[in-house]
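Visitor: Dropping in data.tsv, with TSV, C-alpha atoms.
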chain	number	residue	atom	x	y	z
A	1	MET	CA	-10.81	-2.71	-11.51
A	2	GLY	CA	-13.48	-0.05	-11.47
A	3	ASN	CA	-16.98	0.08	-12.90
A	4	HIS	CA	-16.43	1.25	-16.45
A	5	THR	CA	-13.12	0.41	-18.01
A	6	GLU	CA	-12.61	1.45	-21.57
A	7	PRO	CA	-10.45	-1.10	-23.35
A	8	GLU	CA	-9.13	1.59	-25.66
A	9	ASP	CA	-7.62	3.35	-22.66
A	10	PHE	CA	-5.49	0.34	-21.87
A	11	ARG	CA	-4.03	-0.17	-25.31
A	12	SER	CA	-0.27	0.51	-25.28
A	13	ARG	CA	0.66	3.65	-27.23
A	14	GLU	CA	3.72	3.76	-29.43
A	15	PHE	CA	3.63	7.53	-29.88
A	16	PRO	CA	4.64	9.98	-28.39
A	17	VAL	CA	6.13	7.53	-25.88
A	18	ARG	CA	6.44	3.78	-26.00
A	19	GLU	CA	4.19	2.35	-23.29
A	20	ASP	CA	3.75	-1.03	-21.71
A	21	MET	CA	0.25	-0.85	-20.30
A	22	ALA	CA	0.25	-4.45	-19.08
A	23	TYR	CA	3.19	-3.58	-16.88
A	24	GLN	CA	1.74	-0.21	-15.87
A	25	LEU	CA	-1.47	-1.93	-14.76
A	26	LYS	CA	0.62	-4.24	-12.57
A	27	VAL	CA	2.34	-1.19	-11.07
A	28	TRP	CA	-1.02	0.41	-10.27
A	29	ARG	CA	-2.27	-2.86	-8.78
A	30	PHE	CA	0.89	-3.04	-6.67
A	31	GLU	CA	0.26	0.51	-5.43
A	32	ARG	CA	-3.30	-0.40	-4.48
A	33	VAL	CA	-2.41	-3.68	-2.75
A	34	GLY	CA	0.53	-1.93	-1.10
A	35	TRP	CA	-1.82	0.67	0.31
A	36	TYR	CA	-4.00	-2.05	1.83
A	37	GLY	CA	-0.81	-3.50	3.30
A	38	LEU	CA	0.13	-0.16	4.85
A	39	VAL	CA	-3.32	0.26	6.39
A	40	LEU	CA	-3.13	-3.27	7.78
A	41	LEU	CA	0.27	-2.50	9.25
A	42	VAL	CA	-1.05	0.67	10.89
A	43	ILE	CA	-3.95	-1.27	12.41
A	44	LEU	CA	-1.64	-4.01	13.66
A	45	THR	CA	0.65	-1.39	15.17
A	46	LEU	CA	-2.31	0.20	16.94
A	47	LEU	CA	-3.21	-3.25	18.24
A	48	GLY	CA	0.32	-3.62	19.60
A	49	LEU	CA	2.20	-5.85	17.16
A	50	PHE	CA	5.24	-3.70	17.82
A	51	SER	CA	4.73	-3.55	21.60
A	52	ARG	CA	2.23	-1.71	23.81
A	53	GLY	CA	-1.27	-2.82	22.85
A	54	PRO	CA	-3.70	-5.70	23.31
A	55	LEU	CA	-1.57	-8.03	21.17
A	56	SER	CA	1.55	-7.35	23.16
A	57	SER	CA	0.69	-6.61	26.80
A	58	ARG	CA	0.47	-9.84	28.76
A	59	ASP	CA	-0.34	-10.77	32.30
A	60	VAL	CA	0.55	-14.26	33.46
A	61	GLN	CA	-0.11	-15.91	36.82
A	62	SER	CA	1.46	-18.99	38.32
A	63	LEU	CA	-0.92	-21.91	38.95
A	64	ASP	CA	-1.25	-21.16	42.66
A	65	GLY	CA	-1.68	-17.42	42.00
A	66	ARG	CA	1.23	-16.41	44.20
A	67	LEU	CA	3.31	-15.06	41.36
A	68	GLY	CA	2.05	-12.73	38.64
A	69	VAL	CA	4.04	-11.08	35.88
A	70	LYS	CA	2.96	-8.21	33.62
A	71	TYR	CA	5.15	-7.93	30.57
A	72	GLU	CA	5.24	-6.96	26.91
A	73	LEU	CA	5.41	-9.81	24.43
A	74	PHE	CA	6.88	-7.60	21.70
A	75	HIS	CA	9.71	-5.15	22.12
A	76	ARG	CA	11.64	-2.95	19.74
A	77	ASN	CA	15.40	-2.78	19.88
A	78	GLY	CA	16.40	0.21	21.98
A	79	SER	CA	12.95	0.84	23.41
A	80	ASN	CA	12.11	1.02	27.08
A	81	ASN	CA	9.41	-1.17	28.63
A	82	ALA	CA	8.37	-2.16	32.11
A	83	MET	CA	7.98	-5.59	33.62
A	84	ILE	CA	6.01	-5.82	36.85
A	85	LEU	CA	6.17	-8.76	39.25
A	86	HIS	CA	3.40	-9.31	41.80
A	87	LEU	CA	4.51	-11.61	44.61
A	88	LYS	CA	2.58	-13.14	47.46
A	89	GLY	CA	4.20	-14.90	50.42
A	90	GLN	CA	4.25	-15.00	54.21
A	91	PRO	CA	3.56	-11.65	55.95
A	92	GLY	CA	6.77	-9.74	56.53
A	93	ALA	CA	8.91	-12.45	54.97
A	94	VAL	CA	11.80	-11.93	52.58
A	95	LEU	CA	10.78	-13.51	49.27
A	96	GLU	CA	13.36	-15.16	47.08
A	97	VAL	CA	12.67	-14.65	43.37
A	98	GLU	CA	14.69	-16.25	40.64
A	99	LEU	CA	14.77	-14.39	37.33
A	100	GLY	CA	16.03	-17.10	35.02
A	101	GLY	CA	16.26	-17.89	31.34
A	102	ASP	CA	18.31	-16.19	28.68
A	103	TRP	CA	16.38	-12.88	28.75
A	104	LEU	CA	19.20	-10.98	30.45
A	105	GLU	CA	21.17	-11.40	27.22
A	106	GLY	CA	18.51	-9.47	25.32
A	107	PHE	CA	17.54	-6.86	27.89
A	108	ASP	CA	19.40	-4.31	29.97
A	109	VAL	CA	17.81	-3.91	33.37
A	110	GLN	CA	17.82	-0.13	33.78
A	111	ALA	CA	16.13	-0.06	37.14
A	112	LEU	CA	14.88	-2.49	39.74
A	113	GLN	CA	12.42	-0.98	42.19
A	114	PRO	CA	12.15	-1.24	45.09
A	115	GLN	CA	15.78	-1.97	45.72
A	116	PRO	CA	15.98	-5.68	46.62
A	117	VAL	CA	17.31	-6.70	50.02
A	118	ARG	CA	19.98	-8.73	48.30
A	119	SER	CA	20.73	-9.99	44.82
A	120	ALA	CA	23.00	-12.61	43.34
A	121	SER	CA	23.67	-14.12	39.96
A	122	VAL	CA	22.52	-17.67	39.27
A	123	GLY	CA	23.45	-19.38	36.03
A	124	GLN	CA	22.34	-17.11	33.19
A	125	GLY	CA	19.93	-15.16	35.38
A	126	MET	CA	19.81	-13.69	38.84
A	127	THR	CA	18.11	-14.12	42.18
A	128	VAL	CA	16.72	-11.22	44.16
A	129	TRP	CA	15.38	-11.10	47.68
A	130	VAL	CA	12.42	-8.78	48.22
A	131	GLN	CA	10.82	-7.68	51.47
A	132	ALA	CA	7.08	-8.50	51.62
A	133	ASP	CA	4.65	-6.18	53.42
A	134	VAL	CA	2.39	-7.06	56.35
A	135	GLU	CA	-0.06	-8.81	54.03
A	136	GLY	CA	2.74	-10.82	52.48
A	137	LYS	CA	2.57	-8.92	49.18
A	138	ALA	CA	5.46	-7.45	47.29
A	139	ILE	CA	5.78	-5.73	43.93
A	140	LEU	CA	8.94	-5.54	41.88
A	141	TYR	CA	9.19	-3.05	39.01
A	142	LEU	CA	11.76	-3.68	36.35
A	143	SER	CA	12.56	-1.15	33.67
A	144	LEU	CA	13.96	-2.96	30.67
A	145	VAL	CA	15.76	-1.61	27.61
A	146	SER	CA	15.75	-4.05	24.70
A	147	ALA	CA	19.27	-4.54	23.44
A	148	GLY	CA	19.06	-7.84	21.57
A	149	LEU	CA	17.18	-9.19	18.61
A	150	GLY	CA	14.83	-12.18	18.33
A	151	ILE	CA	13.21	-14.46	20.89
A	152	TYR	CA	14.27	-14.54	24.54
A	153	HIS	CA	12.95	-16.93	27.10
A	154	SER	CA	12.23	-16.06	30.72
A	155	ARG	CA	11.47	-18.25	33.68
A	156	ILE	CA	10.54	-16.52	36.91
A	157	ALA	CA	10.30	-18.70	40.00
A	158	MET	CA	9.55	-18.17	43.67
A	159	SER	CA	9.65	-21.10	46.08
A	160	GLY	CA	7.55	-23.59	44.12
A	161	SER	CA	5.57	-21.14	41.95
A	162	ALA	CA	6.90	-20.46	38.50
A	163	VAL	CA	5.91	-18.75	35.26
A	164	SER	CA	7.60	-19.13	31.89
A	165	PHE	CA	7.19	-16.88	28.88
A	166	ASP	CA	8.90	-15.72	25.71
A	167	GLN	CA	9.54	-12.21	24.54
A	168	PHE	CA	10.39	-11.03	21.06
A	169	ILE	CA	12.56	-8.07	20.16
A	170	PHE	CA	12.09	-6.40	16.75
A	171	PRO	CA	15.08	-4.71	15.08
B	1	MET	CA	28.74	-4.30	10.35
B	2	ASP	CA	25.35	-3.05	11.49
B	3	SER	CA	25.75	0.41	9.97
B	4	VAL	CA	25.89	-1.23	6.52
B	5	LEU	CA	22.91	-3.47	7.32
B	6	ARG	CA	20.92	-0.53	8.70
B	7	ALA	CA	21.56	1.60	5.65
B	8	ALA	CA	20.78	-1.23	3.22
B	9	ALA	CA	17.57	-2.18	5.05
B	10	MET	CA	16.43	1.43	5.17
B	11	TYR	CA	17.22	1.97	1.49
B	12	LEU	CA	15.19	-1.09	0.55
B	13	ALA	CA	12.28	-0.21	2.85
B	14	LEU	CA	12.08	3.36	1.60
B	15	MET	CA	12.26	2.20	-1.99
B	16	VAL	CA	9.33	-0.19	-1.51
B	17	LEU	CA	7.35	2.45	0.40
B	18	PHE	CA	7.80	5.08	-2.27
B	19	LYS	CA	6.89	2.52	-4.93
B	20	ILE	CA	3.64	1.99	-3.05
B	21	ALA	CA	3.16	5.74	-2.71
B	22	GLY	CA	3.49	6.05	-6.47
B	23	ARG	CA	5.69	8.18	-8.63
B	24	ARG	CA	3.59	11.31	-8.15
B	25	SER	CA	3.92	11.34	-4.36
B	26	LEU	CA	6.87	13.72	-4.23
B	27	ALA	CA	6.92	15.03	-7.79
B	28	ASP	CA	5.23	18.39	-7.30
B	29	LEU	CA	6.04	19.41	-3.77
B	30	THR	CA	3.31	21.30	-2.02
B	31	THR	CA	4.12	22.97	1.27
B	32	PHE	CA	2.69	20.02	3.12
B	33	ASP	CA	4.62	17.49	1.02
B	34	PHE	CA	7.77	19.37	1.97
B	35	VAL	CA	6.94	19.15	5.67
B	36	LEU	CA	6.12	15.45	5.26
B	37	LEU	CA	9.46	14.89	3.57
B	38	MET	CA	11.27	16.51	6.47
B	39	ILE	CA	9.41	14.36	9.00
B	40	ILE	CA	10.28	11.21	7.04
B	41	GLY	CA	13.89	12.37	7.06
B	42	GLU	CA	13.86	12.87	10.81
B	43	ALA	CA	12.33	9.45	11.45
B	44	THR	CA	14.81	7.78	9.12
B	45	GLN	CA	17.83	9.46	10.62
B	46	GLN	CA	17.32	7.86	14.03
B	47	ALA	CA	17.04	4.37	12.62
B	48	LEU	CA	20.03	4.86	10.33
B	49	LEU	CA	22.43	5.95	13.04
B	50	GLY	CA	21.03	4.10	16.05
B	51	ASP	CA	22.73	5.26	19.21
B	52	ASP	CA	26.13	5.52	17.60
B	53	PHE	CA	26.92	9.13	16.73
B	54	SER	CA	30.52	8.53	15.73
B	55	LEU	CA	32.02	9.99	12.58
B	56	THR	CA	32.82	6.47	11.35
B	57	ASN	CA	29.25	5.32	11.68
B	58	ALA	CA	27.85	8.35	9.89
B	59	LEU	CA	30.39	7.97	7.10
B	60	MET	CA	29.73	4.26	6.71
B	61	VAL	CA	25.98	4.87	6.44
B	62	ILE	CA	26.54	7.51	3.75
B	63	VAL	CA	29.09	5.34	1.94
B	64	THR	CA	26.68	2.40	1.93
B	65	LEU	CA	23.76	4.48	0.66
B	66	ILE	CA	25.81	5.99	-2.17
B	67	ALA	CA	27.31	2.60	-3.03
B	68	ILE	CA	23.84	1.05	-3.35
B	69	ASP	CA	22.61	4.01	-5.36
B	70	VAL	CA	25.51	3.91	-7.82
B	71	GLY	CA	25.29	0.11	-7.98
B	72	LEU	CA	21.62	0.29	-8.88
B	73	SER	CA	22.20	2.88	-11.58
B	74	LEU	CA	24.89	0.63	-13.09
B	75	LEU	CA	22.47	-2.27	-12.96
B	76	LYS	CA	19.76	-0.15	-14.59
B	77	GLN	CA	22.14	0.62	-17.44
B	78	ARG	CA	22.72	-3.05	-18.12
B	79	SER	CA	19.31	-4.51	-17.58
B	80	GLN	CA	16.13	-3.18	-19.14
B	81	TRP	CA	14.17	-5.20	-16.63
B	82	VAL	CA	15.77	-3.61	-13.56
B	83	SER	CA	15.42	-0.17	-15.09
B	84	ARG	CA	11.72	-0.69	-15.67
B	85	LEU	CA	11.24	-2.15	-12.21
B	86	ILE	CA	12.85	0.81	-10.48
B	87	ASP	CA	11.93	3.73	-12.71
B	88	GLY	CA	8.77	2.49	-14.43
B	89	GLY	CA	7.73	3.97	-17.75
B	90	PRO	CA	5.87	7.03	-19.01
B	91	THR	CA	2.09	6.92	-19.38
B	92	VAL	CA	-0.10	8.99	-21.71
B	93	ILE	CA	-3.15	10.45	-19.95
B	94	VAL	CA	-4.46	12.96	-22.47
B	95	GLU	CA	-4.59	12.17	-26.17
B	96	ASP	CA	-5.77	14.78	-28.70
B	97	GLY	CA	-7.66	16.75	-26.09
B	98	ARG	CA	-9.39	13.66	-24.70
B	99	ILE	CA	-8.71	12.49	-21.16
B	100	LEU	CA	-8.08	8.74	-20.81
B	101	LYS	CA	-10.32	8.45	-17.77
B	102	SER	CA	-9.56	4.90	-16.70
B	103	ARG	CA	-5.85	5.61	-16.70
B	104	MET	CA	-6.28	8.83	-14.81
B	105	ARG	CA	-8.36	7.15	-12.14
B	106	LEU	CA	-5.75	4.45	-11.62
B	107	ALA	CA	-2.97	7.04	-11.51
B	108	ARG	CA	-4.98	8.88	-8.81
B	109	LEU	CA	-5.04	12.10	-10.82
B	110	VAL	CA	-7.80	14.63	-11.44
B	111	GLU	CA	-8.29	16.99	-14.34
B	112	ALA	CA	-7.08	19.92	-12.24
B	113	ASP	CA	-3.63	18.30	-11.95
B	114	ILE	CA	-3.32	18.11	-15.72
B	115	MET	CA	-4.56	21.65	-16.29
B	116	GLU	CA	-2.16	22.93	-13.65
B	117	ALA	CA	0.75	21.33	-15.49
B	118	ALA	CA	-0.59	22.60	-18.81
B	119	ARG	CA	-0.86	26.17	-17.56
B	120	SER	CA	2.49	26.29	-15.85
B	121	SER	CA	4.51	24.66	-18.60
B	122	GLN	CA	2.73	25.67	-21.82
B	123	GLY	CA	0.36	28.48	-20.94
B	124	ILE	CA	-2.53	26.31	-22.16
B	125	GLU	CA	-6.03	27.33	-21.10
B	126	THR	CA	-8.35	24.52	-22.18
B	127	LEU	CA	-8.17	20.76	-22.45
B	128	GLU	CA	-8.82	20.90	-26.21
B	129	GLN	CA	-5.51	22.66	-26.76
B	130	ILE	CA	-3.59	19.71	-25.33
B	131	LYS	CA	-2.24	17.20	-27.83
B	132	PHE	CA	-0.65	14.92	-25.30
B	133	ALA	CA	-0.24	14.92	-21.53
B	134	ILE	CA	2.16	12.32	-20.19
B	135	ILE	CA	3.03	11.25	-16.67
B	136	GLU	CA	6.78	10.93	-16.80
B	137	ARG	CA	8.81	8.37	-14.88
B	138	ASN	CA	9.64	10.93	-12.18
B	139	GLY	CA	5.94	11.68	-11.70
B	140	LYS	CA	5.88	15.08	-13.40
B	141	ILE	CA	3.20	15.71	-16.01
B	142	SER	CA	4.57	16.95	-19.29
B	143	VAL	CA	2.21	18.58	-21.73
B	144	ILE	CA	2.52	18.86	-25.50
B	145	ALA	CA	0.35	21.54	-27.11
B	146	LYS	CA	-1.54	21.18	-30.37
B	147	GLU	CA	-0.05	23.20	-33.18
B	148	SER	CA	-2.33	26.07	-33.99
Reformat the file's structure so that it appears as structure tokens.

Guide:
Amino acid sequence: MGNHTEPEDFRSREFPVREDMAYQLKVWRFERVGWYGLVLLVILTLLGLFSRGPLSSRDVQSLDGRLGVKYELFHRNGSNNAMILHLKGQPGAVLEVELGGDWLEGFDVQALQPQPVRSASVGQGMTVWVQADVEGKAILYLSLVSAGLGIYHSRIAMSGSAVSFDQFIFP
Amino acid sequence: MDSVLRAAAMYLALMVLFKIAGRRSLADLTTFDFVLLMIIGEATQQALLGDDFSLTNALMVIVTLIAIDVGLSLLKQRSQWVSRLIDGGPTVIVEDGRILKSRMRLARLVEADIMEAARSSQGIETLEQIKFAIIERNGKISVIAKES
């Protein structure tokens, strides 16, 4: 540690106080390593380890490209995040989207926009019917509040196209 | 249940964080340290209470924190090892008017810190008048003057 260490400096004194320099050196090393840890944590947070950042923001597409989902991989308990569904179908049709998996146990859906034509519960999840525009496109915005803890699995399906992903909620 | 877990987790996390920050971090409060302390308090408060602002929750958080604190002090009394782990030990940084440079560097101190303590506690003007300067366990620097 350092360029010029004087061995005399690290000898434990008995007077005026009883020292344990071997232990004190460990404490100082812990402080230094701890500081590196804190900096690393700050960098990881900036990168989105605790939601909102390159590590966390995801965009998945189904194989045929008709269904796309933008979501956050990491959430914090009590925080508010969006999930955006991009749907493509027949022009002017009503698209049936199944929001399945156990994610509804971990998230409160605060808002669902635009208001679906109809919605129903299916198993653990729900099915919503959304009106597509003249080009056959529809967007569904979900505002989610994380209420659970741990990993939750989602499976979003729309007539043959499906995407599956996991989301993690920090305490 | 979760108020106890919240309080215990926060106690542990803060303890580790302040161990990393070192014993001097909040020893001599400057104005800015005071502001920092208040901000830390504000940030902690939200996580401790969550969205439950009931009297029971607040009381349980306080009860848990005090219980851990008293428990630790009892443990410190019994075990030398725990006491040293939590409180650390004192360290000499000036000996017979000579600064122990390597120690001071590791403790992240500069000469001005020592002279400040020397002036305010002993009315000492120069380094040569100091017999011993010691960083105490609570992070304060105590200064013992040479007998003239």

Visitor: Quick check: residues of chain B within 8 Å of chain A, all atoms listed in the file, returned as a list in words.

Guide: Lys19, Ile20, Ala21, Gly22, Gly88, Gly89, Pro90, Thr91, Val92, Leu100, Lys101, Ser102, Arg103, Leu106, Ala107 and Phe132 of chain B

Visitor: Excluding range 110-116 of chain A and residues on its chain fewer than 5 positions from it, collect all residues at most 12 Å away from it, counting only C-alpha atoms, and give them as a PyMOL selection string.

Guide: chain A and resi 78-85+94-97+104+126-132+138-147

Visitor: Phe168 in chain A: which residues within 10 Å, counting all atoms listed in the file, same-chain residues fewer than 6 positions away excluded, as a list in words?

Guide: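 Selected residues are Phe50, Ser51, Ser56, Glu72, Leu73, Phe74, His75, Arg76, Asn77, Trp103, Gly106, Ser146, Gly148, Leu149, Gly150, Ile151, Tyr152 and His153 of chain A.
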
Visitor: Determine, counting all atoms listed in the file, which protein, DNA and RNA residues have an atom within 12 Å of an atom of range 43-56 of chain B; residues of the same chain fewer than 5 positions away are not included. Present the result as an mmCIF file with C-alpha atoms, keeping the file's coordinate frame.

Guide:
data_model
loop_
_atom_site.group_PDB
_atom_site.id
_atom_site.type_symbol
_atom_site.label_atom_id
_atom_site.label_comp_id
_atom_site.auth_asym_id
_atom_site.auth_seq_id
_atom_site.Cartn_x
_atom_site.Cartn_y
_atom_site.Cartn_z
ATOM 1 C CA ARG A 76 11.640 -2.950 19.740
ATOM 2 C CA ASN A 77 15.400 -2.780 19.880
ATOM 3 C CA GLY A 78 16.400 0.210 21.980
ATOM 4 C CA SER A 79 12.950 0.840 23.410
ATOM 5 C CA ALA A 147 19.270 -4.540 23.440
ATOM 6 C CA PRO A 171 15.080 -4.710 15.080
ATOM 7 C CA MET B 1 28.740 -4.300 10.350
ATOM 8 C CA ASP B 2 25.350 -3.050 11.490
ATOM 9 C CA SER B 3 25.750 0.410 9.970
ATOM 10 C CA VAL B 4 25.890 -1.230 6.520
ATOM 11 C CA LEU B 5 22.910 -3.470 7.320
ATOM 12 C CA ARG B 6 20.920 -0.530 8.700
ATOM 13 C CA ALA B 7 21.560 1.600 5.650
ATOM 14 C CA ALA B 8 20.780 -1.230 3.220
ATOM 15 C CA ALA B 9 17.570 -2.180 5.050
ATOM 16 C CA MET B 10 16.430 1.430 5.170
ATOM 17 C CA TYR B 11 17.220 1.970 1.490
ATOM 18 C CA ALA B 13 12.280 -0.210 2.850
ATOM 19 C CA LEU B 14 12.080 3.360 1.600
ATOM 20 C CA LEU B 36 6.120 15.450 5.260
ATOM 21 C CA LEU B 37 9.460 14.890 3.570
ATOM 22 C CA MET B 38 11.270 16.510 6.470
ATOM 23 C CA VAL B 61 25.980 4.870 6.440
ATOM 24 C CA ILE B 62 26.540 7.510 3.750
ATOM 25 C CA VAL B 63 29.090 5.340 1.940
ATOM 26 C CA THR B 64 26.680 2.400 1.930
ATOM 27 C CA LEU B 65 23.760 4.480 0.660
#

Visitor: Give me, please, the distance in Å between CA of Phe165 in chain A and CA of Leu46 in chain A, quoted to one decimal.

Guide: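 A separation of 22.9 Å between them.
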
Visitor: Can you measure CA of Asp64 in chain A to CA of Arg118 in chain A for me? One decimal in Å is fine.

Guide: 25.2 Å

Visitor: Hey, can you check how far CA of Met158 in chain A sits from CA of Arg52 in chain A?

Guide: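 Here the two named atoms are 26.8 Å from each other.
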
Visitor: Find the spatial neighbours of Ile130 in chain B, counting only C-alpha atoms, within a cut-off of 8 Å - ignore same-chain residues fewer than 3 positions away - and output them as a ChimeraX atom specification.

Guide: /B:94-97,118,124,126-127,133,143-146

Visitor: Deliver the residues from the most recent selection as a file, using C-alpha atoms, as an mmCIF file, in the frame of the given file.

Guide:
data_model
loop_
_atom_site.group_PDB
_atom_site.id
_atom_site.type_symbol
_atom_site.label_atom_id
_atom_site.label_comp_id
_atom_site.auth_asym_id
_atom_site.auth_seq_id
_atom_site.Cartn_x
_atom_site.Cartn_y
_atom_site.Cartn_z
ATOM 1 C CA VAL B 94 -4.460 12.960 -22.470
ATOM 2 C CA GLU B 95 -4.590 12.170 -26.170
ATOM 3 C CA ASP B 96 -5.770 14.780 -28.700
ATOM 4 C CA GLY B 97 -7.660 16.750 -26.090
ATOM 5 C CA ALA B 118 -0.590 22.600 -18.810
ATOM 6 C CA ILE B 124 -2.530 26.310 -22.160
ATOM 7 C CA THR B 126 -8.350 24.520 -22.180
ATOM 8 C CA LEU B 127 -8.170 20.760 -22.450
ATOM 9 C CA ALA B 133 -0.240 14.920 -21.530
ATOM 10 C CA VAL B 143 2.210 18.580 -21.730
ATOM 11 C CA ILE B 144 2.520 18.860 -25.500
ATOM 12 C CA ALA B 145 0.350 21.540 -27.110
ATOM 13 C CA LYS B 146 -1.540 21.180 -30.370
#

Visitor: When distances are computed from all atoms listed in the file, which of B:Gly123, B:Met60, B:Glu136, B:Ile68 shows the smallest separation from Ile93 in chain B?

Guide: B:Glu136

Visitor: Please identify all polymer residues within 9 Å of Asp28 in chain B, counting all atoms listed in the file, omitting same-chain residues fewer than 4 positions from it, and present them as a list in words.

Guide: Arg24, Asp33, Gly139 and Lys140 of chain B

Visitor: Counting all atoms listed in the file, which residue out of A:Arg155, A:Arg11, A:Lys137, A:Arg66 sits closest to Gly92 in chain A?

Guide: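 Of all the options, A:Lys137 lies closest to Gly92 in chain A.
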
Visitor: Reconstruct range 65-84 of chain B at the level of N, CA and C atoms, and format the result as a PDB file, in the coordinates of the input.

Guide:
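Result file follows (result-v1.pdb):
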ATOM      1  N   LEU B  65      24.891   3.978   1.447  1.00  0.00           N
ATOM      2  CA  LEU B  65      23.760   4.480   0.660  1.00  0.00           C
ATOM      3  C   LEU B  65      24.204   4.869  -0.748  1.00  0.00           C
ATOM      4  N   ILE B  66      25.345   5.567  -0.840  1.00  0.00           N
ATOM      5  CA  ILE B  66      25.810   5.990  -2.170  1.00  0.00           C
ATOM      6  C   ILE B  66      26.238   4.781  -2.978  1.00  0.00           C
ATOM      7  N   ALA B  67      26.879   3.806  -2.312  1.00  0.00           N
ATOM      8  CA  ALA B  67      27.310   2.600  -3.030  1.00  0.00           C
ATOM      9  C   ALA B  67      26.111   1.863  -3.619  1.00  0.00           C
ATOM     10  N   ILE B  68      25.038   1.736  -2.836  1.00  0.00           N
ATOM     11  CA  ILE B  68      23.840   1.050  -3.350  1.00  0.00           C
ATOM     12  C   ILE B  68      23.250   1.840  -4.507  1.00  0.00           C
ATOM     13  N   ASP B  69      23.215   3.164  -4.334  1.00  0.00           N
ATOM     14  CA  ASP B  69      22.610   4.010  -5.360  1.00  0.00           C
ATOM     15  C   ASP B  69      23.360   3.914  -6.681  1.00  0.00           C
ATOM     16  N   VAL B  70      24.694   4.012  -6.598  1.00  0.00           N
ATOM     17  CA  VAL B  70      25.510   3.910  -7.820  1.00  0.00           C
ATOM     18  C   VAL B  70      25.381   2.506  -8.401  1.00  0.00           C
ATOM     19  N   GLY B  71      25.409   1.504  -7.521  1.00  0.00           N
ATOM     20  CA  GLY B  71      25.290   0.110  -7.980  1.00  0.00           C
ATOM     21  C   GLY B  71      23.994  -0.107  -8.738  1.00  0.00           C
ATOM     22  N   LEU B  72      22.914   0.452  -8.203  1.00  0.00           N
ATOM     23  CA  LEU B  72      21.620   0.290  -8.880  1.00  0.00           C
ATOM     24  C   LEU B  72      21.597   0.981 -10.230  1.00  0.00           C
ATOM     25  N   SER B  73      22.223   2.171 -10.302  1.00  0.00           N
ATOM     26  CA  SER B  73      22.200   2.880 -11.580  1.00  0.00           C
ATOM     27  C   SER B  73      23.030   2.118 -12.613  1.00  0.00           C
ATOM     28  N   LEU B  74      24.109   1.458 -12.157  1.00  0.00           N
ATOM     29  CA  LEU B  74      24.890   0.630 -13.090  1.00  0.00           C
ATOM     30  C   LEU B  74      24.053  -0.551 -13.572  1.00  0.00           C
ATOM     31  N   LEU B  75      23.313  -1.113 -12.627  1.00  0.00           N
ATOM     32  CA  LEU B  75      22.470  -2.270 -12.960  1.00  0.00           C
ATOM     33  C   LEU B  75      21.364  -1.860 -13.933  1.00  0.00           C
ATOM     34  N   LYS B  76      20.820  -0.650 -13.719  1.00  0.00           N
ATOM     35  CA  LYS B  76      19.760  -0.150 -14.590  1.00  0.00           C
ATOM     36  C   LYS B  76      20.262   0.013 -16.020  1.00  0.00           C
ATOM     37  N   GLN B  77      21.548   0.422 -16.117  1.00  0.00           N
ATOM     38  CA  GLN B  77      22.140   0.620 -17.440  1.00  0.00           C
ATOM     39  C   GLN B  77      22.227  -0.702 -18.208  1.00  0.00           C
ATOM     40  N   ARG B  78      22.514  -1.765 -17.463  1.00  0.00           N
ATOM     41  CA  ARG B  78      22.720  -3.050 -18.120  1.00  0.00           C
ATOM     42  C   ARG B  78      21.433  -3.800 -18.382  1.00  0.00           C
ATOM     43  N   SER B  79      20.501  -3.674 -17.439  1.00  0.00           N
ATOM     44  CA  SER B  79      19.310  -4.510 -17.580  1.00  0.00           C
ATOM     45  C   SER B  79      18.070  -3.652 -17.750  1.00  0.00           C
ATOM     46  N   GLN B  80      17.378  -3.875 -18.856  1.00  0.00           N
ATOM     47  CA  GLN B  80      16.130  -3.180 -19.140  1.00  0.00           C
ATOM     48  C   GLN B  80      15.106  -3.482 -18.061  1.00  0.00           C
ATOM     49  N   TRP B  81      15.149  -4.735 -17.597  1.00  0.00           N
ATOM     50  CA  TRP B  81      14.170  -5.200 -16.630  1.00  0.00           C
ATOM     51  C   TRP B  81      14.294  -4.454 -15.308  1.00  0.00           C
ATOM     52  N   VAL B  82      15.541  -4.319 -14.821  1.00  0.00           N
ATOM     53  CA  VAL B  82      15.770  -3.610 -13.560  1.00  0.00           C
ATOM     54  C   VAL B  82      15.368  -2.148 -13.710  1.00  0.00           C
ATOM     55  N   SER B  83      15.730  -1.575 -14.847  1.00  0.00           N
ATOM     56  CA  SER B  83      15.420  -0.170 -15.090  1.00  0.00           C
ATOM     57  C   SER B  83      13.912   0.072 -15.042  1.00  0.00           C
ATOM     58  N   ARG B  84      13.155  -0.852 -15.653  1.00  0.00           N
ATOM     59  CA  ARG B  84      11.720  -0.690 -15.670  1.00  0.00           C
ATOM     60  C   ARG B  84      11.122  -0.902 -14.284  1.00  0.00           C
TER      61      ARG B  84
END
